[in-house]
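**Q** Input final.cif, format and content: mmCIF, C-alpha atoms and all ligand atoms.
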```cif
data_structure
#
loop_
_atom_site.label_atom_id
_atom_site.label_comp_id
_atom_site.auth_asym_id
_atom_site.auth_seq_id
_atom_site.Cartn_x
_atom_site.Cartn_y
_atom_site.Cartn_z
CA MET T 1 0.00 0.00 0.00
CA GLN T 2 1.19 3.49 -0.85
CA PHE T 3 1.13 5.62 2.31
CA HIS T 4 1.10 9.41 2.52
CA ASN T 5 2.14 11.52 5.46
CA THR T 6 -0.95 13.73 5.35
CA LEU T 7 -3.94 14.25 7.59
CA ALA T 8 -6.30 13.56 4.69
CA PHE T 9 -4.69 10.19 4.00
CA ALA T 10 -4.79 9.19 7.69
CA GLN T 11 -8.44 10.12 7.89
CA LEU T 12 -9.18 8.13 4.76
CA MET T 13 -7.51 5.10 6.37
CA ASP T 14 -9.67 5.57 9.45
CA ALA T 15 -12.83 5.90 7.39
CA THR T 16 -12.23 2.53 5.77
CA ASP T 17 -11.01 0.79 8.94
CA THR T 18 -13.57 -1.82 9.97
CA LEU T 19 -12.18 -1.81 13.54
CA GLY T 20 -12.34 1.98 13.81
CA LYS T 21 -15.58 1.84 15.74
CA TYR T 22 -13.94 -0.05 18.61
CA ARG T 23 -12.10 3.09 19.69
CA GLU T 24 -15.46 4.11 21.16
CA GLU T 25 -15.37 1.05 23.41
CA PHE T 26 -12.42 2.46 25.39
CA HIS T 27 -11.80 5.36 27.75
CA PHE T 28 -8.99 7.63 26.59
CA PRO T 29 -7.13 9.85 29.04
CA LYS T 30 -7.32 13.51 28.03
CA MET T 31 -4.82 16.31 28.04
CA ASP T 32 -6.07 19.89 27.61
CA GLY T 33 -9.45 18.46 26.73
CA GLU T 34 -8.09 16.32 23.89
CA GLU T 35 -7.64 12.57 23.80
CA VAL T 36 -4.01 11.64 24.16
CA ILE T 37 -2.09 9.60 21.61
CA TYR T 38 -1.71 6.38 23.53
CA PHE T 39 1.37 4.31 22.77
CA THR T 40 1.57 2.36 26.01
CA GLY T 41 -1.00 -0.36 25.43
CA ASN T 42 2.02 -2.68 25.81
CA SER T 43 2.32 -1.54 29.41
CA LEU T 44 -1.25 -0.86 30.52
CA GLY T 45 -4.11 -1.27 28.04
CA LEU T 46 -6.92 1.30 28.09
CA GLN T 47 -10.07 0.65 30.09
CA PRO T 48 -12.90 -0.93 28.10
CA LYS T 49 -16.03 1.09 28.88
CA ARG T 50 -17.95 -2.10 29.58
CA ALA T 51 -15.49 -3.16 32.32
CA LYS T 52 -17.28 -1.09 34.95
CA LYS T 53 -20.57 -2.83 34.29
CA TYR T 54 -18.95 -6.21 34.91
CA ILE T 55 -17.46 -5.04 38.20
CA ASP T 56 -20.73 -3.40 39.22
CA GLU T 57 -22.53 -6.70 38.60
CA VAL T 58 -20.30 -8.43 41.10
CA MET T 59 -20.66 -5.60 43.61
CA THR T 60 -24.43 -5.78 43.29
CA ASP T 61 -24.50 -9.55 43.66
CA TRP T 62 -22.29 -9.27 46.72
CA LYS T 63 -24.61 -6.60 48.19
CA ASP T 64 -27.83 -8.48 47.43
CA LEU T 65 -26.79 -12.11 47.72
CA ALA T 66 -23.73 -12.11 49.96
CA VAL T 67 -22.43 -15.66 50.32
CA GLU T 68 -25.20 -16.98 48.09
CA GLY T 69 -23.46 -15.26 45.19
CA HIS T 70 -21.00 -18.14 45.02
CA PHE T 71 -23.68 -20.33 43.50
CA HIS T 72 -26.68 -18.13 42.78
CA ALA T 73 -25.34 -14.99 41.16
CA GLU T 74 -26.23 -14.71 37.50
CA LYS T 75 -22.55 -15.41 36.86
CA PRO T 76 -21.81 -17.58 39.91
CA TRP T 77 -18.45 -16.83 41.52
CA TRP T 78 -17.27 -20.34 42.22
CA ASP T 79 -16.61 -21.07 38.56
CA TYR T 80 -16.51 -17.48 37.28
CA HIS T 81 -13.06 -17.98 35.71
CA GLU T 82 -14.35 -20.76 33.46
CA ARG T 83 -16.06 -18.09 31.36
CA LEU T 84 -12.66 -16.76 30.38
CA ALA T 85 -11.18 -20.03 29.18
CA LEU T 86 -12.89 -20.27 25.79
CA PRO T 87 -12.28 -16.70 24.56
CA LEU T 88 -8.73 -16.84 25.91
CA ALA T 89 -8.09 -20.17 24.22
CA LYS T 90 -8.92 -18.46 20.91
CA VAL T 91 -6.52 -15.59 21.64
CA VAL T 92 -3.55 -17.88 22.36
CA GLY T 93 -4.36 -20.81 20.08
CA ALA T 94 -5.15 -23.38 22.73
CA ARG T 95 -7.82 -25.88 23.67
CA THR T 96 -10.19 -24.62 26.32
CA GLU T 97 -9.02 -27.19 28.84
CA GLU T 98 -5.45 -25.95 28.49
CA ILE T 99 -6.29 -22.50 29.89
CA SER T 100 -6.76 -21.17 33.37
CA VAL T 101 -6.79 -17.70 34.94
CA MET T 102 -5.34 -17.10 38.38
CA ASN T 103 -2.85 -15.08 40.44
CA THR T 104 -0.46 -12.75 38.64
CA LEU T 105 2.21 -13.40 36.04
CA THR T 106 5.41 -13.82 38.02
CA VAL T 107 3.58 -15.85 40.65
CA ASN T 108 2.26 -18.16 37.95
CA LEU T 109 5.69 -18.57 36.39
CA HIS T 110 6.98 -19.66 39.80
CA LEU T 111 4.11 -22.12 40.15
CA LEU T 112 4.67 -23.50 36.68
CA MET T 113 8.38 -23.92 37.41
CA VAL T 114 7.38 -26.22 40.26
CA SER T 115 5.90 -28.53 37.66
CA PHE T 116 8.17 -27.97 34.71
CA TYR T 117 11.63 -27.22 36.08
CA ARG T 118 12.81 -30.35 37.80
CA PRO T 119 16.57 -30.27 37.51
CA THR T 120 18.70 -33.38 37.88
CA LYS T 121 22.47 -33.62 38.28
CA LYS T 122 22.83 -34.06 34.54
CA ARG T 123 19.98 -31.97 33.20
CA PHE T 124 19.67 -28.66 35.03
CA LYS T 125 20.20 -25.77 32.62
CA ILE T 126 17.67 -23.12 31.71
CA LEU T 127 18.00 -21.22 28.47
CA CYS T 128 16.62 -17.68 28.21
CA GLU T 129 17.30 -14.47 26.30
CA GLU T 130 19.90 -12.05 27.65
CA LYS T 131 18.43 -9.06 29.48
CA ALA T 132 15.06 -10.73 29.94
CA PHE T 133 12.43 -8.67 31.74
CA PRO T 134 13.85 -8.21 35.27
CA SER T 135 11.03 -10.05 37.02
CA ASP T 136 11.73 -13.10 34.84
CA GLN T 137 15.44 -12.91 35.66
CA TYR T 138 14.72 -12.74 39.40
CA MET T 139 12.23 -15.57 39.07
CA LEU T 140 14.66 -17.82 37.20
CA ARG T 141 17.62 -17.15 39.45
CA SER T 142 15.62 -17.68 42.63
CA GLN T 143 14.18 -20.93 41.26
CA VAL T 144 17.66 -22.19 40.44
CA ARG T 145 18.91 -21.28 43.94
CA PHE T 146 15.83 -22.93 45.44
CA HIS T 147 17.09 -26.19 43.95
CA GLY T 148 20.51 -25.62 45.51
CA LEU T 149 22.14 -24.77 42.18
CA ASP T 150 24.25 -21.87 41.03
CA PRO T 151 22.40 -19.48 38.68
CA ASP T 152 25.61 -18.55 36.90
CA GLU T 153 26.11 -22.18 35.93
CA ALA T 154 22.51 -23.15 35.34
CA ILE T 155 21.22 -20.15 33.38
CA VAL T 156 22.32 -19.83 29.77
CA GLU T 157 21.56 -16.48 28.18
CA VAL T 158 21.34 -16.20 24.41
CA LYS T 159 23.08 -13.02 23.37
CA LYS T 160 22.51 -10.63 20.52
CA ARG T 161 25.40 -10.31 18.12
CA GLU T 162 27.81 -7.42 18.46
CA GLY T 163 26.28 -4.32 16.91
CA GLU T 164 22.84 -5.94 16.42
CA HIS T 165 19.65 -5.06 18.26
CA PHE T 166 17.86 -8.40 17.93
CA TRP T 167 18.31 -12.11 18.56
CA ARG T 168 18.84 -14.49 15.67
CA THR T 169 16.75 -17.65 15.75
CA GLN T 170 19.80 -19.53 14.53
CA ASP T 171 21.75 -18.37 17.62
CA VAL T 172 18.95 -19.48 19.95
CA ILE T 173 18.88 -22.89 18.31
CA GLU T 174 22.66 -23.24 18.39
CA SER T 175 22.65 -22.41 22.10
CA ILE T 176 20.04 -25.11 22.62
CA HIS T 177 22.24 -27.60 20.80
CA ALA T 178 25.29 -26.50 22.79
CA ALA T 179 23.50 -27.03 26.12
CA GLY T 180 22.34 -30.41 24.77
CA THR T 181 21.71 -33.07 27.39
CA GLU T 182 22.28 -30.55 30.20
CA LEU T 183 19.28 -28.51 29.09
CA ALA T 184 16.20 -28.87 31.29
CA LEU T 185 14.11 -25.91 30.18
CA VAL T 186 13.81 -23.18 27.60
CA LEU T 187 11.91 -20.15 28.90
CA ILE T 188 11.91 -16.97 26.82
CA GLY T 189 9.67 -13.92 26.48
CA GLY T 190 7.75 -14.67 23.26
CA VAL T 191 7.76 -10.97 22.35
CA ASN T 192 10.67 -9.06 23.83
CA TYR T 193 9.53 -6.13 25.94
CA TYR T 194 12.45 -3.92 24.96
CA ASN T 195 12.90 -4.22 21.21
CA GLY T 196 9.47 -5.64 20.34
CA GLN T 197 10.95 -8.71 18.61
CA VAL T 198 8.72 -11.74 18.07
CA PHE T 199 10.63 -14.97 18.62
CA ASP T 200 10.09 -17.93 16.31
CA MET T 201 8.27 -19.88 18.99
CA GLU T 202 7.43 -22.83 16.80
CA ARG T 203 11.02 -23.52 15.72
CA ILE T 204 12.51 -22.83 19.13
CA THR T 205 9.96 -25.08 20.82
CA LYS T 206 10.82 -27.88 18.37
CA ALA T 207 14.54 -27.42 18.95
CA GLY T 208 14.08 -27.46 22.74
CA HIS T 209 12.10 -30.67 22.55
CA ALA T 210 14.65 -32.26 20.24
CA ALA T 211 17.27 -31.58 22.92
CA GLY T 212 15.06 -33.35 25.46
CA ALA T 213 14.06 -30.17 27.31
CA LEU T 214 10.70 -28.66 28.16
CA VAL T 215 9.74 -25.34 26.62
CA GLY T 216 7.72 -22.54 28.19
CA TRP T 217 6.98 -18.98 27.08
CA ASP T 218 6.34 -15.75 28.94
CA LEU T 219 3.68 -14.15 26.77
CA ALA T 220 3.29 -10.84 28.62
CA HIS T 221 3.87 -8.88 25.40
CA ALA T 222 2.47 -11.52 23.08
CA ALA T 223 -1.07 -12.27 24.32
CA GLY T 224 -3.54 -10.13 22.41
CA ASN T 225 -0.75 -8.83 20.18
CA ILE T 226 0.43 -11.60 17.86
CA GLU T 227 -0.86 -14.85 16.44
CA LEU T 228 -0.22 -17.73 18.83
CA LYS T 229 -0.75 -21.45 18.27
CA LEU T 230 0.40 -22.79 21.60
CA HIS T 231 -1.30 -26.14 21.26
CA ASP T 232 -0.14 -26.88 17.72
CA TRP T 233 3.38 -25.67 18.42
CA GLY T 234 3.49 -28.19 21.26
CA VAL T 235 4.52 -25.60 23.85
CA ASP T 236 4.62 -27.19 27.31
CA PHE T 237 3.41 -24.20 29.27
CA ALA T 238 2.99 -20.44 29.05
CA ALA T 239 1.75 -17.54 31.14
CA TRP T 240 0.87 -13.91 30.48
CA CYS T 241 -0.43 -10.90 32.30
CA SER T 242 -3.76 -9.45 31.26
CA TYR T 243 -3.21 -5.74 31.78
CA LYS T 244 -1.01 -5.07 28.73
CA TYR T 245 -2.57 -5.78 25.32
CA MET T 246 -5.44 -7.62 27.02
CA ASN T 247 -6.82 -4.43 28.63
CA SER T 248 -7.99 -5.98 31.90
CA GLY T 249 -6.77 -3.35 34.37
CA PRO T 250 -3.70 -2.67 36.54
CA GLY T 251 -2.02 -5.66 38.17
CA ASN T 252 -4.78 -7.96 37.07
CA ALA T 253 -4.93 -11.74 36.94
CA SER T 254 -2.70 -13.81 34.71
CA GLY T 255 -3.60 -16.47 32.20
CA VAL T 256 -1.79 -19.79 32.01
CA PHE T 257 -1.54 -22.45 29.34
CA ILE T 258 -0.61 -26.05 30.07
CA HIS T 259 -0.46 -28.43 27.14
CA THR T 260 -2.94 -31.33 27.21
CA ARG T 261 -0.08 -33.81 27.32
CA HIS T 262 0.63 -32.69 30.89
CA LEU T 263 -2.95 -32.53 32.10
CA ASP T 264 -3.54 -36.17 32.98
CA LYS T 265 -0.19 -36.87 34.61
CA LYS T 266 -0.93 -38.25 38.03
CA ASP T 267 2.55 -37.71 39.45
CA ILE T 268 3.26 -34.20 38.22
CA PRO T 269 4.69 -32.09 41.05
CA ARG T 270 2.47 -29.10 41.70
CA PHE T 271 1.57 -26.76 44.55
CA GLU T 272 -2.07 -27.54 45.24
CA GLY T 273 -5.09 -25.96 46.87
CA TRP T 274 -8.81 -26.60 47.04
CA TRP T 275 -9.68 -24.72 43.84
CA GLY T 276 -7.62 -27.18 41.83
CA SER T 277 -9.56 -30.09 43.20
CA LYS T 278 -12.52 -31.59 41.31
CA LYS T 279 -15.55 -29.29 41.28
CA GLU T 280 -17.93 -32.16 41.82
CA THR T 281 -16.39 -33.19 45.13
CA ARG T 282 -14.71 -29.96 46.23
CA PHE T 283 -17.21 -29.08 48.91
CA LEU T 284 -17.25 -32.52 50.45
CA MET T 285 -14.06 -31.26 52.09
CA LYS T 286 -12.35 -34.61 51.69
CA PRO T 287 -8.69 -34.97 52.65
CA GLU T 288 -7.64 -36.29 49.20
CA PHE T 289 -6.85 -33.91 46.38
CA GLU T 290 -8.50 -34.99 43.16
CA PRO T 291 -7.16 -32.74 40.41
CA MET T 292 -9.43 -31.03 37.91
CA ALA T 293 -8.96 -32.63 34.50
CA ASN T 294 -7.91 -29.31 32.98
CA ALA T 295 -5.42 -26.51 33.65
CA ASP T 296 -7.59 -25.47 36.60
CA ALA T 297 -5.78 -28.22 38.53
CA TRP T 298 -3.10 -25.54 39.03
CA GLN T 299 -5.62 -23.19 40.71
CA ILE T 300 -4.84 -22.87 44.39
CA SER T 301 -7.26 -20.37 45.90
CA ASN T 302 -10.77 -19.32 45.11
CA ILE T 303 -11.00 -16.69 42.41
CA PRO T 304 -10.56 -12.92 42.89
CA VAL T 305 -13.87 -12.36 41.11
CA LEU T 306 -13.74 -8.56 41.26
CA SER T 307 -10.48 -8.52 39.37
CA VAL T 308 -11.42 -11.20 36.89
CA ALA T 309 -14.65 -9.36 35.99
CA PRO T 310 -13.00 -6.63 33.84
CA TYR T 311 -10.85 -9.33 32.19
CA LEU T 312 -14.07 -11.03 31.11
CA ALA T 313 -15.39 -7.72 29.77
CA SER T 314 -12.23 -7.24 27.74
CA LEU T 315 -12.28 -10.80 26.42
CA GLU T 316 -15.78 -10.25 25.14
CA LEU T 317 -14.34 -7.58 22.86
CA PHE T 318 -11.53 -9.87 21.72
CA ASP T 319 -14.12 -12.50 20.93
CA GLN T 320 -16.17 -10.09 18.84
CA VAL T 321 -13.23 -8.88 16.81
CA GLY T 322 -10.98 -11.94 16.65
CA MET T 323 -7.18 -11.97 16.51
CA ALA T 324 -7.07 -12.23 12.72
CA ALA T 325 -8.80 -8.86 12.23
CA LEU T 326 -6.75 -7.25 14.99
CA ILE T 327 -3.53 -8.47 13.43
CA GLU T 328 -4.56 -7.24 10.01
CA LYS T 329 -5.12 -3.74 11.38
CA ARG T 330 -2.00 -3.98 13.52
CA ASN T 331 0.14 -4.64 10.48
CA LYS T 332 -1.31 -1.64 8.66
CA ILE T 333 -1.09 0.82 11.51
CA VAL T 334 2.45 -0.20 12.51
CA ALA T 335 3.58 0.00 8.88
CA PHE T 336 2.00 3.47 8.67
CA LEU T 337 3.79 4.56 11.85
CA GLU T 338 7.06 3.21 10.48
CA PHE T 339 6.49 5.07 7.23
CA ILE T 340 5.86 8.31 9.10
CA LEU T 341 9.02 7.83 11.16
CA HIS T 342 11.03 7.32 7.97
CA GLU T 343 9.46 10.38 6.34
CA ILE T 344 10.33 12.58 9.27
CA HIS T 345 13.76 11.07 9.50
CA SER T 346 14.58 12.10 5.95
CA GLU T 347 12.65 15.38 6.04
CA ILE T 348 14.65 16.83 8.91
CA GLU T 349 17.72 14.57 8.82
CA SER T 350 17.20 13.32 12.33
CA THR T 351 19.30 10.62 13.95
CA PHE T 352 16.79 8.28 15.58
CA GLU T 353 16.81 4.62 14.65
CA ILE T 354 14.08 1.95 14.74
CA ILE T 355 15.64 -1.05 16.52
CA THR T 356 12.65 -3.39 16.22
CA PRO T 357 13.32 -6.17 13.69
CA SER T 358 10.85 -7.17 10.97
CA ASP T 359 9.54 -10.05 13.13
CA ARG T 360 7.37 -7.76 15.19
CA GLY T 361 3.95 -7.21 16.68
CA CYS T 362 2.58 -3.80 17.40
CA GLN T 363 5.60 -2.20 19.05
CA LEU T 364 8.30 -0.11 17.43
CA SER T 365 11.23 0.70 19.69
CA VAL T 366 13.05 3.82 18.64
CA PHE T 367 16.59 4.58 19.72
CA LEU T 368 17.07 8.33 20.07
CA HIS T 369 20.66 9.02 19.14
CA GLY T 370 21.32 12.52 20.34
CA GLN T 371 17.94 13.89 21.41
CA GLY T 372 17.34 11.68 24.44
CA LYS T 373 15.20 12.36 27.44
CA SER T 374 14.32 15.97 26.55
CA LEU T 375 12.53 14.77 23.43
CA PHE T 376 10.66 12.15 25.42
CA ASP T 377 9.59 14.84 27.92
CA TYR T 378 8.45 17.03 25.03
CA LEU T 379 6.27 14.23 23.65
CA MET T 380 4.68 13.58 27.04
CA ARG T 381 3.97 17.31 27.56
CA ASN T 382 2.29 17.39 24.17
CA GLY T 383 -0.14 14.56 24.64
CA VAL T 384 1.87 11.58 23.43
CA ILE T 385 1.91 8.87 26.09
CA THR T 386 4.93 6.71 25.42
CA ASP T 387 7.59 5.28 27.66
CA TRP T 388 11.26 5.67 28.21
CA ARG T 389 13.72 2.81 28.60
CA GLU T 390 17.36 3.32 29.46
CA PRO T 391 19.67 4.15 27.88
CA ASN T 392 17.84 5.99 25.12
CA VAL T 393 14.79 4.17 23.83
CA ILE T 394 11.14 5.11 23.49
CA ARG T 395 8.64 2.37 22.81
CA LEU T 396 5.67 3.11 20.54
CA ALA T 397 2.90 0.54 20.63
CA PRO T 398 -0.23 1.58 18.72
CA ALA T 399 -2.74 -1.02 19.94
CA PRO T 400 -4.99 -1.78 16.96
CA PHE T 401 -8.07 -2.03 19.16
CA TYR T 402 -8.21 1.68 19.87
CA CYS T 403 -5.47 3.63 18.07
CA SER T 404 -6.29 5.44 14.86
CA PHE T 405 -4.31 6.26 11.76
CA GLU T 406 -4.92 9.92 12.54
CA ASP T 407 -3.11 9.35 15.87
CA MET T 408 -0.07 8.20 13.89
CA TYR T 409 -0.15 11.27 11.68
CA ARG T 410 -0.57 13.66 14.62
CA PHE T 411 2.24 11.90 16.46
CA GLY T 412 4.53 12.44 13.49
CA GLN T 413 3.84 16.16 13.53
CA ILE T 414 4.51 16.43 17.26
CA LEU T 415 7.68 14.37 16.93
CA LYS T 416 8.96 16.62 14.18
CA GLU T 417 8.27 19.77 16.19
CA GLY T 418 9.90 18.15 19.21
CA ILE T 419 13.08 17.25 17.34
CA LEU T 420 13.33 20.72 15.84
CA ALA T 421 12.75 22.31 19.27
CA ASN T 422 15.20 20.05 21.07
CA GLY T 423 17.99 19.94 18.53
CA ARG T 424 19.07 16.87 16.62
C1 LIG Q 501 5.01 -7.09 32.24
C2 LIG Q 501 5.89 -8.25 32.44
C3 LIG Q 501 5.94 -8.92 33.66
C4 LIG Q 501 5.15 -8.40 34.85
O1 LIG Q 501 5.00 -9.34 35.84
P1 LIG Q 501 3.88 -9.23 36.97
O2 LIG Q 501 4.09 -10.43 37.75
O3 LIG Q 501 2.54 -9.14 36.28
O4 LIG Q 501 4.13 -7.98 37.76
C5 LIG Q 501 6.73 -10.05 33.76
N1 LIG Q 501 7.45 -10.49 32.71
C6 LIG Q 501 7.43 -9.86 31.51
C7 LIG Q 501 8.22 -10.40 30.36
C8 LIG Q 501 6.66 -8.73 31.35
O5 LIG Q 501 6.65 -8.09 30.17
#
```
Could you express the structure from this file as C-alpha cells?
Ligand SMILES: *Cc1c(COP(=O)(O)O)cnc(C)c1O

**A**
Amino acid sequence: MQFHNTLAFAQLMDATDTLGKYREEFHFPKMDGEEVIYFTGNSLGLQPKRAKKYIDEVMTDWKDLAVEGHFHAEKPWWDYHERLALPLAKVVGARTEEISVMNTLTVNLHLLMVSFYRPTKKRFKILCEEKAFPSDQYMLRSQVRFHGLDPDEAIVEVKKREGEHFWRTQDVIESIHAAGTELALVLIGGVNYYNGQVFDMERITKAGHAAGALVGWDLAHAAGNIELKLHDWGVDFAAWCSYKYMNSGPGNASGVFIHTRHLDKKDIPRFEGWWGSKKETRFLMKPEFEPMANADAWQISNIPVLSVAPYLASLELFDQVGMAALIEKRNKIVAFLEFILHEIHSEIESTFEIITPSDRGCQLSVFLHGQGKSLFDYLMRNGVITDWREPNVIRLAPAPFYCSFEDMYRFGQILKEGILANGR
C-alpha cells in the first residue's frame, strides 16, 4: 500500500477501517481536553467502557446475595473464571481445557516452574534471552537457587550479536544444541519487551524438545498482540499478564496455558489448593486432592472475582473482533507509523533509529541518538503517552483495538516539532 504523510490520508484510512468503531469502546485519558495519543497499550491497556458494568454486577451480587453469590449470582463466583477459558483459548491458540486464569504473572511462572523445572544432576540448565524482563530474571535465578544450584552455571543467556539489536533464531537454536543433554528448560519472552521482537516460537519449541528439554513462554507482550498457536506448536506451558494488550486493568490476573499432554499426569509435582480439586467433590471437604482434568488443577485459591470481571469484559471484545482482524489492522497501523518515522527522518535529517526487527507485533522501539530524554519529555507534555527505557529508547505501541491512523499522523507532527525544538 502506498502511504502518505498527510492528515487527509490518515483520515481516509480511518474511514475505511472496519475496527475503527472499537475506539469508542475504550476510555482515553485527556490532556487539555483532547484525547491523548496512547502508545503504552504494551504496558497498561486502556479501560474498556464495559469493564465497569462487569465489576458493578459483582458488587451488586455481593450486596444483594452475599455468600449466596458463590452459586446463585447470574454469573456464579465459584466457577466465574471458566467463562474466560474459551475466549482466551482463541486468543492464544489453545484448547479450552489448556487454559486457566489465576494469580499474577510472576507468581504463575513460579508455580509453573514447580511442575516444569525439575533439575537433575545431569539436566539442570535453563536457556533464556539475555536481558530478559527483570522479574523473569529474578524468578529464574531464585528458582535455580531454590534447587541448591548456582544461577551462573545453570542459566544460559542467548546473546545478541555485536552491533545488532535483535536475537537471531539460529543463535537461539545453536545455544540449545550447545546445552544439549544438560538442558532442562527453555523459557523466553515470546515478544521481547524492549525491542518488540517476536521470537520464532514454533522452531525454538521444536529445537528445545529435540534436545530433550521442556519449553515454556512468557507471553506478557504476546497475548492479544500476535498470532499464537500454543497447542499446535506443542509448547509445554505459558503464562501472560492481562493488563497489557489484554486491557484488563492494573495488576490484574494472569492467564496460564498447560499443554494437554501434561494434564492427565498423576505424578506431576504441583503446589495444590482446594480450587484445583474436582468441582464435583470440592465441597465434600475430603482430605484427598482430586485434580481437575484441565489446567484449573493448578488453581490454588478461590477466584478474585472482582479482578477477573474486567478481564471477562475485555475478552468479550476480543471474541467479537478476533485476533485475525486485529492483526490485520496492527500490520497496517504499525507499517504506517514506520512510514511516518522514515518520512520525518529524511525530512529533517534526524538521527533516531528503529531497533525493532521485521519479526514484530505492534511495538516499534526507537533509539534516540542525540535527542534523548528531553525529546521524550516534550512528547509527554504534548499529549503523546509513550515510555522511556534506558539508555535511550522510546517504545511506541499503537494497539490496533483503539489507536487510529490519525493518531499516527498527529504523532509524526509532534515528533517533528519536538526534534526541531530540542535539537538533533
Ligand atoms: C510485564 C511483564 C511482567 C510483569 O510481571 P507481573 O508479575 O505481572 O508484575 C513479567 N514479565 C514480563 C516479560 C513482562 O513483560

**Q** Could you report the residues within 10 Å of ligand LIG 501 (chain Q), using only C-alpha atoms and all ligand atoms, as a PyMOL selection string?

**A** chain T and resi 42-44+103-110+132-137+139+188-194+217-222+239-244+250-254

**Q** Name the closest residue to T:Arg83 among the candidates T:Trp388, T:Asp14, T:Thr96, T:Phe411; distances are taken between atoms, counting all atoms listed in the file.

**A**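 Smallest separation from T:Arg83 among the options: T:Thr96.
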
**Q** Considering all atoms listed in the file, state which residue in the set T:Gln320, T:Asn382, T:Thr18, T:Asn294 is at the smallest distance from T:Asp32.

**A** T:Asn382

**Q** List the residues sitting within 12 Å of (21.2, -19.3, 39.8) in the file's frame, using all atoms listed in the file, as a list in words.

**A**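 These residues have at least one counted atom within 12 Å: Phe124, Lys125, Ile126, Leu127, Gln137, Tyr138, Met139, Leu140, Arg141, Ser142, Gln143, Val144, Arg145, Phe146, His147, Gly148, Leu149, Asp150, Pro151, Asp152, Glu153, Ala154, Ile155, Val156 and Glu157 of chain T.
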
**Q** Find the residues of stretch 68-134 of chain T that sit at most 10 Å from stretch 180-185 of chain T; for each, write down the nearest two atoms and how far apart they are in Å, to one decimal. Count all atoms listed in the file. Sort by chain, then by number going up, and give it as CSV.

**A**
```
residue,atom,partner,partner_atom,distance
T:Met113,CA,T:Leu185,CA,9.4
T:Phe116,CA,T:Leu185,CA,7.7
T:Tyr117,CA,T:Leu185,CA,6.5
T:Arg118,CA,T:Ala184,CA,7.5
T:Pro119,CA,T:Ala184,CA,6.4
T:Thr120,CA,T:Ala184,CA,8.4
T:Lys121,CA,T:Glu182,CA,8.6
T:Lys122,CA,T:Glu182,CA,5.6
T:Arg123,CA,T:Glu182,CA,4.0
T:Phe124,CA,T:Ala184,CA,5.1
T:Lys125,CA,T:Leu183,CA,4.6
T:Ile126,CA,T:Leu185,CA,4.8
T:Leu127,CA,T:Leu185,CA,6.3
T:Cys128,CA,T:Leu185,CA,8.8
```

**Q** Mind checking which residues fall within 12 Å of stretch 283-287 of chain T, counting all atoms listed in the file, ignoring those fewer than 4 positions away in the same chain, and posting them as a VMD selection string?

**A** chain T and resid 78 273 to 275 277 to 279

**Q** I need the residue nearest T:Gly212 from this list: T:Arg161, T:His70, T:Lys131, T:His177. Use only C-alpha atoms for the distance.

**A**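 Answer, going by the shortest atom-to-atom distance: T:His177.
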
**Q** Grab the atom CA of T:Ile258 to atom CA of T:Glu98 distance for me, in Å with one decimal place.

**A**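 Taking atom CA of T:Ile258 as the start and atom CA of T:Glu98 as the end point, the length is 5.1 Å.
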
**Q** Which one of T:Ala85, T:Val91, T:Val393, T:Leu112 sits closest to T:Thr356 if you count all atoms listed in the file?

**A**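 Smallest separation from T:Thr356 among the options: T:Val393.
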